[in-house]
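Structure below is final_8.csv: CSV, C-alpha atoms.
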chain,number,residue,atom,x,y,z
A,26,MET,CA,11.3,4.6,6.7
A,27,LYS,CA,10.7,0.9,7.2
A,28,ILE,CA,8.3,-1.0,5.0
A,29,VAL,CA,7.1,-4.6,5.6
A,30,VAL,CA,5.8,-6.3,2.5
A,31,CYS,CA,3.7,-9.3,3.6
A,32,THR,CA,1.7,-10.6,0.6
A,33,ASP,CA,0.0,-13.9,-0.4
A,34,SER,CA,0.7,-15.6,-3.7
A,35,PHE,CA,-1.0,-14.4,-6.9
A,36,LYS,CA,-2.4,-17.8,-7.9
A,37,GLY,CA,-1.6,-18.9,-11.4
A,38,SER,CA,1.2,-16.4,-11.8
A,39,LEU,CA,3.4,-15.6,-8.8
A,40,THR,CA,4.6,-17.1,-5.5
A,41,SER,CA,4.3,-15.0,-2.4
A,42,ALA,CA,8.0,-14.2,-2.5
A,43,GLN,CA,7.9,-13.3,-6.2
A,44,ALA,CA,4.9,-11.0,-5.7
A,45,GLY,CA,6.5,-9.3,-2.7
A,46,ASN,CA,9.8,-8.7,-4.6
A,47,LEU,CA,7.8,-7.1,-7.5
A,48,MET,CA,6.0,-4.9,-5.1
A,49,ILE,CA,9.3,-3.8,-3.5
A,50,LYS,CA,10.6,-3.0,-7.0
A,51,GLY,CA,7.8,-0.6,-7.6
A,52,LEU,CA,7.9,1.0,-4.1
A,53,ARG,CA,11.7,1.7,-4.5
A,54,ARG,CA,10.8,4.0,-7.4
A,55,VAL,CA,9.1,6.2,-4.8
A,56,PHE,CA,11.0,5.4,-1.6
A,57,PRO,CA,14.5,4.5,-2.7
A,58,GLU,CA,16.0,5.0,0.7
A,59,ALA,CA,13.5,3.0,2.6
A,60,GLU,CA,14.4,-0.2,4.4
A,61,TYR,CA,12.3,-3.2,3.2
A,62,ARG,CA,11.5,-6.5,4.9
A,63,LEU,CA,9.7,-9.2,2.9
A,64,ILE,CA,7.6,-11.8,4.6
A,65,PRO,CA,6.0,-14.4,2.2
A,66,MET,CA,2.5,-15.0,3.5
A,67,ALA,CA,-0.4,-17.4,3.0
A,68,ASP,CA,-3.7,-18.2,4.7
A,69,GLY,CA,-3.6,-22.0,4.8
A,70,GLY,CA,-4.3,-22.6,1.1
A,71,GLU,CA,-2.0,-23.8,-1.6
A,72,GLY,CA,1.5,-22.3,-1.2
A,73,THR,CA,1.3,-22.0,2.6
A,74,ALA,CA,4.2,-24.5,3.2
A,75,PRO,CA,6.8,-22.9,0.9
A,76,ALA,CA,5.8,-19.4,2.1
A,77,LEU,CA,6.2,-20.3,5.7
A,78,THR,CA,9.4,-22.3,5.1
A,79,GLN,CA,11.0,-19.5,3.2
A,80,ALA,CA,9.9,-16.9,5.8
A,81,LEU,CA,11.5,-18.8,8.6
A,82,GLY,CA,14.7,-20.0,6.8
A,83,GLY,CA,13.7,-23.7,6.6
A,84,ARG,CA,14.2,-26.2,3.9
A,85,MET,CA,11.8,-28.1,1.5
A,86,GLU,CA,11.8,-31.8,0.7
A,87,THR,CA,9.9,-33.6,-2.0
A,88,VAL,CA,8.1,-36.8,-1.1
A,89,ARG,CA,6.3,-39.3,-3.3
A,90,VAL,CA,2.8,-40.0,-2.0
A,91,HIS,CA,-0.6,-41.2,-3.4
A,92,GLY,CA,-2.7,-38.4,-5.0
A,93,PRO,CA,-6.4,-38.0,-4.5
A,94,LEU,CA,-7.3,-40.7,-7.0
A,95,GLY,CA,-4.4,-43.1,-6.0
A,96,LYS,CA,-1.8,-42.1,-8.6
A,97,GLU,CA,1.6,-41.3,-7.2
A,98,VAL,CA,2.5,-37.6,-7.1
A,99,GLU,CA,5.3,-35.5,-5.7
A,100,ALA,CA,4.4,-33.4,-2.6
A,101,ASP,CA,6.4,-31.0,-0.6
A,102,VAL,CA,7.2,-30.9,3.1
A,103,GLY,CA,9.0,-28.0,4.8
A,104,PHE,CA,11.2,-28.5,7.8
A,105,LEU,CA,11.7,-25.4,10.0
A,106,PRO,CA,14.7,-24.5,12.1
A,107,ASP,CA,12.9,-25.4,15.3
A,108,GLY,CA,12.4,-29.0,14.2
A,109,SER,CA,8.7,-28.7,13.2
A,110,ALA,CA,7.3,-29.5,9.8
A,111,VAL,CA,4.9,-27.6,7.6
A,112,MET,CA,2.9,-29.0,4.7
A,113,ASP,CA,0.0,-28.3,2.3
A,114,MET,CA,-2.7,-30.9,1.9
A,115,ALA,CA,-3.2,-29.5,-1.6
A,116,SER,CA,0.2,-30.8,-2.7
A,117,ALA,CA,-0.9,-34.4,-1.9
A,118,SER,CA,-4.7,-34.3,-2.2
A,119,GLY,CA,-5.4,-31.1,-4.1
A,120,LEU,CA,-7.8,-30.1,-6.8
A,121,THR,CA,-4.9,-29.1,-9.2
A,122,LEU,CA,-3.7,-32.7,-9.2
A,123,ILE,CA,-6.7,-34.0,-11.2
A,124,ALA,CA,-7.8,-33.0,-14.7
A,125,SER,CA,-11.2,-31.3,-14.6
A,126,LYS,CA,-12.8,-34.2,-16.5
A,127,ALA,CA,-11.5,-36.7,-14.0
A,128,LEU,CA,-12.8,-35.0,-10.8
A,129,ASN,CA,-14.6,-37.5,-8.6
A,130,PRO,CA,-15.3,-36.4,-5.0
A,131,MET,CA,-17.1,-39.7,-4.4
A,132,ARG,CA,-13.8,-41.5,-4.8
A,133,ALA,CA,-11.1,-39.0,-4.1
A,134,ASP,CA,-9.4,-39.3,-0.7
A,135,THR,CA,-6.8,-37.8,1.6
A,136,PHE,CA,-4.5,-40.8,1.9
A,137,GLY,CA,-1.6,-38.9,0.5
A,138,THR,CA,-2.0,-36.2,3.2
A,139,GLY,CA,-1.8,-38.9,5.8
A,140,GLU,CA,1.4,-40.1,4.1
A,141,LEU,CA,2.9,-36.6,4.4
A,142,ILE,CA,2.1,-36.6,8.2
A,143,ARG,CA,3.6,-40.0,8.6
A,144,TYR,CA,6.8,-38.9,6.8
A,145,ALA,CA,7.1,-35.9,9.2
A,146,LEU,CA,6.6,-38.3,12.1
A,147,ASP,CA,9.4,-40.6,10.7
A,148,MET,CA,11.6,-37.5,10.6
A,149,HIS,CA,11.0,-37.1,14.3
A,150,CYS,CA,8.9,-34.0,14.0
A,151,ARG,CA,6.5,-33.6,16.9
A,152,ARG,CA,5.0,-30.3,15.8
A,153,ILE,CA,3.3,-30.1,12.4
A,154,TYR,CA,1.6,-27.1,10.7
A,155,LEU,CA,-0.8,-28.2,8.0
A,156,GLY,CA,-2.5,-26.0,5.5
A,157,ILE,CA,-5.8,-27.5,4.2
A,158,GLY,CA,-7.0,-25.3,1.4
A,159,GLY,CA,-7.5,-26.4,-2.2
A,160,SER,CA,-8.7,-30.0,-1.7
A,161,ALA,CA,-10.2,-32.3,-4.3
A,162,THR,CA,-11.6,-34.5,-1.6
A,163,ASN,CA,-14.8,-35.0,0.5
A,164,ASP,CA,-13.9,-38.0,2.6
A,165,GLY,CA,-14.0,-36.5,6.1
A,166,GLY,CA,-10.3,-37.2,6.5
A,167,SER,CA,-10.9,-40.9,6.4
A,168,GLY,CA,-8.1,-41.4,3.8
A,169,MET,CA,-5.7,-39.5,6.0
A,170,ALA,CA,-6.6,-41.7,9.0
A,171,ARG,CA,-6.2,-44.9,6.9
A,172,ALA,CA,-2.6,-43.8,6.0
A,173,LEU,CA,-1.9,-43.5,9.7
A,174,GLY,CA,-3.3,-46.9,10.6
A,175,ALA,CA,-7.0,-46.6,11.1
A,176,ARG,CA,-9.4,-49.1,9.5
A,177,PHE,CA,-12.9,-48.2,8.2
A,178,LEU,CA,-15.2,-51.3,8.3
A,179,ASP,CA,-18.7,-52.1,7.1
A,180,GLU,CA,-21.1,-54.3,9.1
A,181,LYS,CA,-19.4,-57.5,7.8
A,182,GLY,CA,-16.0,-56.3,8.9
A,183,ARG,CA,-14.8,-55.6,5.4
A,184,GLU,CA,-12.6,-52.5,4.8
A,185,LEU,CA,-14.4,-49.7,2.9
A,186,PRO,CA,-13.0,-48.6,-0.5
A,187,PRO,CA,-11.5,-45.1,-0.6
A,188,GLY,CA,-13.5,-41.9,-0.9
A,189,GLY,CA,-16.4,-40.1,0.8
A,190,GLY,CA,-19.1,-42.0,-1.1
A,191,ALA,CA,-18.2,-45.2,0.7
A,192,LEU,CA,-18.7,-43.8,4.1
A,193,LYS,CA,-22.5,-44.4,3.9
A,194,ASN,CA,-21.6,-48.1,4.6
A,195,LEU,CA,-19.4,-47.4,7.6
A,196,SER,CA,-20.2,-49.6,10.7
A,197,ARG,CA,-17.2,-48.9,12.9
A,198,VAL,CA,-13.7,-47.6,12.9
A,199,ASP,CA,-10.8,-49.7,14.2
A,200,CYS,CA,-8.2,-47.3,15.7
A,201,SER,CA,-6.1,-50.0,17.3
A,202,GLY,CA,-3.4,-49.6,14.6
A,203,LEU,CA,-3.5,-45.8,14.6
A,204,ASP,CA,0.1,-44.4,14.8
A,205,GLN,CA,0.9,-43.9,18.4
A,206,ARG,CA,3.2,-41.1,17.7
A,207,LEU,CA,0.2,-38.9,17.1
A,208,ARG,CA,-0.4,-38.8,20.8
A,209,GLU,CA,2.8,-36.9,21.4
A,210,THR,CA,2.5,-34.7,18.3
A,211,SER,CA,1.0,-31.3,18.1
A,212,ILE,CA,-0.8,-30.6,14.8
A,213,GLU,CA,-1.9,-27.1,14.1
A,214,VAL,CA,-4.3,-26.9,11.1
A,215,MET,CA,-4.2,-23.7,9.1
A,216,CYS,CA,-7.7,-23.1,7.9
A,217,ASP,CA,-9.4,-20.1,6.3
A,218,VAL,CA,-13.1,-21.3,6.4
A,219,ASP,CA,-15.5,-21.9,9.2
A,220,ASN,CA,-17.9,-24.4,7.7
A,221,PRO,CA,-19.3,-27.2,9.7
A,222,LEU,CA,-19.0,-30.8,8.5
A,223,CYS,CA,-22.6,-31.3,7.3
A,224,GLY,CA,-25.8,-29.5,6.2
A,225,PRO,CA,-26.4,-26.6,3.9
A,226,GLU,CA,-23.3,-24.8,5.0
A,227,GLY,CA,-21.2,-27.9,5.2
A,228,ALA,CA,-18.4,-29.4,3.1
A,229,SER,CA,-20.5,-31.2,0.5
A,230,PHE,CA,-23.0,-28.4,-0.3
A,231,VAL,CA,-20.6,-25.5,-0.3
A,232,TYR,CA,-17.5,-27.0,-1.8
A,233,GLY,CA,-18.6,-30.2,-3.5
A,234,PRO,CA,-19.7,-28.7,-6.8
A,235,GLN,CA,-16.2,-27.1,-7.4
A,236,LYS,CA,-14.8,-30.6,-6.9
A,237,GLY,CA,-17.0,-32.1,-9.6
A,238,ALA,CA,-20.1,-33.1,-7.5
A,239,THR,CA,-23.4,-33.2,-9.3
A,240,PRO,CA,-26.5,-32.2,-7.3
A,241,ASP,CA,-27.2,-35.9,-6.6
A,242,MET,CA,-23.6,-36.4,-5.5
A,243,VAL,CA,-23.8,-33.4,-3.1
A,244,HIS,CA,-26.8,-35.0,-1.3
A,245,ALA,CA,-25.2,-38.4,-1.2
A,246,LEU,CA,-21.9,-37.1,0.1
A,247,ASP,CA,-23.6,-35.0,2.8
A,248,ALA,CA,-25.6,-38.0,3.9
A,249,ALA,CA,-22.4,-40.1,4.0
A,250,LEU,CA,-20.6,-37.6,6.1
A,251,ASP,CA,-23.5,-37.3,8.5
A,252,HIS,CA,-23.5,-41.1,8.9
A,253,TYR,CA,-19.7,-41.0,9.3
A,254,GLN,CA,-19.8,-38.4,12.1
A,255,ARG,CA,-22.6,-40.3,13.9
A,256,VAL,CA,-20.6,-43.5,14.0
A,257,LEU,CA,-17.5,-41.7,15.3
A,258,ALA,CA,-19.5,-39.6,17.8
A,259,ARG,CA,-20.9,-42.9,19.2
A,260,GLN,CA,-17.5,-44.6,19.3
A,261,THR,CA,-15.4,-41.7,20.6
A,262,GLY,CA,-17.9,-39.6,22.6
A,263,LEU,CA,-16.7,-36.5,20.6
A,264,ASP,CA,-19.3,-34.4,18.9
A,265,LEU,CA,-17.1,-32.2,16.7
A,266,ALA,CA,-19.1,-32.1,13.4
A,267,GLY,CA,-20.5,-28.6,14.1
A,268,LYS,CA,-17.3,-27.0,15.1
A,269,PRO,CA,-16.2,-24.1,12.8
A,270,GLY,CA,-13.7,-25.5,10.2
A,271,ALA,CA,-14.9,-29.1,10.6
A,272,GLY,CA,-16.0,-29.0,7.0
A,273,ALA,CA,-12.8,-27.5,5.7
A,274,ALA,CA,-11.1,-29.6,2.9
A,275,GLY,CA,-14.1,-31.9,2.5
A,276,GLY,CA,-14.2,-32.7,6.2
A,277,LEU,CA,-10.4,-33.1,6.6
A,278,GLY,CA,-10.6,-30.5,9.4
A,279,TYR,CA,-13.1,-32.9,11.3
A,280,GLY,CA,-10.9,-35.9,10.7
A,281,LEU,CA,-7.8,-34.2,12.0
A,282,MET,CA,-9.6,-33.2,15.2
A,283,ILE,CA,-11.0,-36.7,15.7
A,284,PHE,CA,-7.9,-38.8,14.9
A,285,ALA,CA,-5.0,-36.5,15.6
A,286,LYS,CA,-6.4,-34.2,18.3
A,287,ALA,CA,-5.5,-31.3,15.9
A,288,ARG,CA,-6.2,-27.7,16.6
A,289,LEU,CA,-7.9,-25.6,13.9
A,290,CYS,CA,-6.9,-21.9,13.6
A,291,PRO,CA,-6.9,-19.1,10.9
A,292,GLY,CA,-3.9,-19.8,8.7
A,293,VAL,CA,-2.8,-16.2,8.3
A,294,ASP,CA,-2.8,-15.8,12.1
A,295,THR,CA,-0.4,-18.8,12.4
A,296,LEU,CA,2.0,-17.5,9.9
A,297,LEU,CA,2.0,-14.0,11.4
A,298,LYS,CA,2.7,-15.5,14.8
A,299,LEU,CA,5.6,-17.7,13.5
A,300,SER,CA,7.1,-14.9,11.5
A,301,ARG,CA,7.1,-12.6,14.6
A,302,PHE,CA,5.1,-10.0,12.8
A,303,ASP,CA,4.1,-8.1,16.0
A,304,GLU,CA,7.8,-7.6,16.8
A,305,LEU,CA,8.4,-6.1,13.4
A,306,MET,CA,5.6,-3.6,13.8
A,307,ALA,CA,7.4,-1.9,16.7
A,308,GLN,CA,9.6,-0.1,14.2
A,309,CYS,CA,7.5,-0.2,11.0
A,310,ASP,CA,6.0,2.7,9.1
A,311,LEU,CA,4.0,0.9,6.5
A,312,VAL,CA,2.7,-2.6,5.7
A,313,VAL,CA,2.0,-3.6,2.1
A,314,THR,CA,-0.1,-6.8,1.5
A,315,GLY,CA,-2.1,-8.3,-1.3
A,316,GLU,CA,-3.3,-11.4,-3.2
A,317,GLY,CA,-4.3,-12.3,-6.8
A,318,ARG,CA,-7.9,-11.1,-6.4
A,319,ILE,CA,-9.2,-8.8,-3.7
A,320,ASP,CA,-12.9,-8.9,-3.2
A,321,GLY,CA,-15.6,-9.4,-0.5
A,322,GLN,CA,-14.2,-12.8,0.4
A,323,SER,CA,-10.9,-11.2,1.3
A,324,ALA,CA,-12.5,-9.8,4.4
A,325,HIS,CA,-13.2,-13.3,5.7
A,326,GLY,CA,-9.8,-14.6,7.0
A,327,LYS,CA,-7.8,-14.1,3.8
A,328,THR,CA,-4.2,-12.8,3.9
A,329,PRO,CA,-4.9,-9.1,3.3
A,330,CYS,CA,-7.5,-9.0,6.1
A,331,GLY,CA,-5.3,-10.8,8.6
A,332,VAL,CA,-2.2,-8.7,7.8
A,333,ALA,CA,-4.1,-5.4,8.0
A,334,ARG,CA,-5.8,-6.3,11.3
A,335,ALA,CA,-2.4,-7.2,12.8
A,336,ALA,CA,-0.9,-4.0,11.6
A,337,ALA,CA,-3.8,-2.0,12.9
A,338,ARG,CA,-3.2,-3.3,16.4
A,339,HIS,CA,0.1,-1.4,16.3
A,340,SER,CA,-1.4,1.7,14.5
A,341,VAL,CA,0.6,0.9,11.4
A,342,PRO,CA,-1.1,1.8,8.1
A,343,ALA,CA,-1.6,-1.0,5.5
A,344,ILE,CA,-2.3,-0.9,1.8
A,345,ALA,CA,-3.4,-3.9,-0.3
A,346,ILE,CA,-2.5,-4.5,-3.9
A,347,GLY,CA,-4.4,-7.1,-5.9
A,348,GLY,CA,-4.1,-8.6,-9.4
A,349,SER,CA,-7.7,-7.3,-9.7
A,350,LEU,CA,-10.3,-5.7,-7.4
A,351,GLY,CA,-13.7,-7.4,-7.3
A,352,GLU,CA,-17.1,-6.7,-5.8
A,353,GLY,CA,-17.0,-6.0,-2.0
A,354,ALA,CA,-13.2,-5.2,-1.8
A,355,GLU,CA,-14.2,-2.0,0.0
A,356,ALA,CA,-15.0,-4.1,3.1
A,357,LEU,CA,-11.3,-4.2,3.8
A,358,TYR,CA,-11.4,-0.4,4.6
A,359,GLY,CA,-13.1,-1.2,7.9
A,360,LEU,CA,-10.5,-3.9,8.8
A,361,GLY,CA,-7.3,-1.9,8.8
A,362,VAL,CA,-6.6,-1.4,5.1
A,363,SER,CA,-6.1,2.3,4.2
A,364,GLY,CA,-5.8,1.9,0.5
A,365,LEU,CA,-6.5,-0.5,-2.4
A,366,GLU,CA,-4.7,-0.7,-5.7
A,367,SER,CA,-5.2,-3.0,-8.7
A,368,CYS,CA,-2.6,-4.3,-11.2
A,369,VAL,CA,-5.1,-4.1,-14.0
A,370,ARG,CA,-6.3,-0.6,-14.9
A,371,GLN,CA,-8.0,-1.4,-18.2
A,372,VAL,CA,-10.0,-4.3,-19.6
A,373,MET,CA,-7.6,-7.0,-20.9
A,374,PRO,CA,-7.8,-10.8,-21.3
A,375,LEU,CA,-6.6,-12.7,-18.3
A,376,ASP,CA,-3.8,-14.4,-20.2
A,377,GLN,CA,-2.5,-11.0,-21.2
A,378,ALA,CA,-2.6,-9.7,-17.6
A,379,LEU,CA,-0.7,-12.8,-16.4
A,380,ALA,CA,1.9,-12.4,-19.2
A,381,ARG,CA,2.5,-8.8,-18.1
A,382,VAL,CA,2.4,-9.3,-14.3
A,383,ASP,CA,6.2,-8.6,-14.0
A,384,GLU,CA,5.4,-5.1,-15.4
A,385,LEU,CA,2.0,-4.5,-14.0
A,386,LEU,CA,2.6,-5.3,-10.3
A,387,PRO,CA,5.5,-2.9,-9.8
A,388,GLN,CA,3.5,-0.2,-11.6
A,389,ALA,CA,0.6,-0.8,-9.2
A,390,ALA,CA,3.0,-0.6,-6.2
A,391,GLU,CA,4.5,2.6,-7.5
A,392,ARG,CA,1.0,4.2,-7.9
A,393,ALA,CA,0.2,3.2,-4.3
A,394,GLY,CA,3.5,4.6,-3.1
A,395,ARG,CA,3.0,7.9,-4.9
A,396,MET,CA,-0.5,8.3,-3.4
A,397,LEU,CA,1.1,7.8,0.0
A,398,LEU,CA,3.8,10.4,-0.8
A,399,THR,CA,1.1,12.8,-1.7
A,400,GLY,CA,-0.6,12.2,1.6
A,401,ARG,CA,2.6,12.9,3.5
A,402,LYS,CA,2.9,16.3,1.8
A,403,MET,CA,-0.6,17.4,2.6
A,404,HIS,CA,-1.4,19.7,5.5
A,405,PHE,CA,-4.8,19.9,7.1

Whole structure, structure tokens version:
Amino acid sequence: MKIVVCTDSFKGSLTSAQAGNLMIKGLRRVFPEAEYRLIPMADGGEGTAPALTQALGGRMETVRVHGPLGKEVEADVGFLPDGSAVMDMASASGLTLIASKALNPMRADTFGTGELIRYALDMHCRRIYLGIGGSATNDGGSGMARALGARFLDEKGRELPPGGGALKNLSRVDCSGLDQRLRETSIEVMCDVDNPLCGPEGASFVYGPQKGATPDMVHALDAALDHYQRVLARQTGLDLAGKPGAGAAGGLGYGLMIFAKARLCPGVDTLLKLSRFDELMAQCDLVVTGEGRIDGQSAHGKTPCGVARAAARHSVPAIAIGGSLGEGAEALYGLGVSGLESCVRQVMPLDQALARVDELLPQAAERAGRMLLTGRKMHF
């Protein structure tokens, strides 16, 4: 029996690899003779770079860049055996880098993400995979472009200060100094949302509040991004603000398409492709996937959904194990998931559940395995 364990991280407690190894520990209690293959997985959010780098046998490096509010931070870049680079914008421009009381989406910018891209270019990488979940920013990718040589000017030719709020004063963008190496570099953006740049479903209205935006800020940021995209559409002739994913990471998706000719795609699909998941399915009997919380949102491009769909193409059953199961988790049943299991079986404080995850996750995997064993013994 061959079992592929392909799980996302359990945010706040376990990396993808740690979660996968705990699942295997529990499954071995039921299927001790099975052959196991662990593929750390992610969907473009925080943890994508280490998951992909580990899955493909690459190496990680730490780089000092400017965080979302200008303070230096340490961010990670993965280098894969084929010479490409992989990075998470969250490690340079992410929400977790700012204390909750200091959140300021009017001022936060993606300059550090641009520095990560520049570092990969300096290392002669011409293919970059970039996960863009977990941002603290709403600057349309303007900070990223500044780090790569673009200049954002007001009507008097003065450079704008950092952040999305300042974009309301944008008159033109000077791209004459934009890093020429971008022209010969392929950037694939791993994105798990399909929001446009502006409007009620756009970056500011949907994600601004979780980044600290008040209702007034939300309206101001949306108006600034709309002005920004109008200026760029006039200059470049490219009307990309309405494309799915343009609003991802506070508009970084849009900025990457405009300034780096990047391609946006579902993050989990990219990782499955690079890890040669389809090839593994040829001799696989079961796939086990999961994430920290499985709910209705998991059906919209998250790791369990993407993995189960890929397994279903090969008629391989998949089960999903979550730290908890929330409302709407049953939607996964129609997307290739045959069974759902939760780590938490009784009401307990979150800190207690996190403290016991090394015990609870193997138990959940064992329960799932025993249900599968029961099914194998049944005759209809």

| said: Counting all atoms listed in the file, which residue out of A:Gly82, A:Gly394, A:Pro187, A:Pro130 sits closest to Val243 in chain A? | reply: A:Pro130

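Distance-wise, CA of Leu192 in chain A and CA of Ala273 in chain A end up 17.4 Å apart.
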
| field | Neighbour residues at most 9 Å from (3.9, -37.9, 19.5) (all atoms listed in the file) as an MDAnalysis selection string | value | chainID A and resid 146 149:152 204:211

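Counting all atoms listed in the file, the residue from A:Leu277, A:Val30, A:Ala145, A:Ala76 that sits nearest to Val332 in chain A is A:Val30.
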
| request: Quick one: pull the distance between CA of Ile344 in chain A and CA of Leu39 in chain A, Å, one decimal. | output: 19.0 Å

| field | Residues within 12 Å of Asp33 in chain A, all atoms listed in the file, excluding chain neighbours under 3 positions, as a VMD selection string | value | chain A and resid 30 36 38 to 46 48 63 to 77 292 to 293 296 to 297 313 to 319 323 327 to 332 345 to 348

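Minimum distance to Pro269 in chain A across A:Ala228, A:Ala285, A:Leu52, A:Val111 (counting all atoms listed in the file) occurs at A:Ala228.
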
Arg89 in chain A surroundings by only C-alpha atoms, 9 Å radius, close-in-sequence under 6 positions cut, as a compact mmCIF listing (two decimals) with C-alpha atoms, in the frame of the given file:
# COMPACT_ATOMS: atom_id res chain seq x y z
CA GLU A 97 1.60 -41.30 -7.20
CA VAL A 98 2.50 -37.60 -7.10
CA GLU A 99 5.30 -35.50 -5.70
CA ALA A 100 4.40 -33.40 -2.60
CA ASP A 101 6.40 -31.00 -0.60
CA ALA A 117 -0.90 -34.40 -1.90
CA GLY A 137 -1.60 -38.90 0.50
CA GLU A 140 1.40 -40.10 4.10
CA LEU A 141 2.90 -36.60 4.40

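Minimum distance to His252 in chain A across A:Arg197, A:Arg401, A:Arg62, A:Lys298 (counting all atoms listed in the file) occurs at A:Arg197.
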
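Between Cys309 in chain A and the candidates A:Gly278, A:Gly321, A:Pro342, A:Pro221, the tightest atom-to-atom separation, counting only C-alpha atoms, involves A:Pro342.
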
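Across the model, the gap from CA of Leu128 in chain A to CA of Ser167 in chain A is 18.3 Å.
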
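Among A:Asp147, A:Asp113, A:Glu384, A:Glu355, the residue with the shortest atom-to-atom distance to Thr78 in chain A, counting all atoms listed in the file, is A:Asp113.
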
| task | Can you pull out every residue within 12 Å of Glu304 in chain A, counting all atoms listed in the file, but drop anything in the same chain fewer than 3 positions away, and send it as a PyMOL selection string? | result | chain A and resi 29+297-301+307-309+335-336+338-339

| field | Ref. answer, residues at most 6 Å from (-5.6, 0.2, 10.0) with only C-alpha atoms, as a VMD selection string | value | chain A and resid 337 342 361 to 362
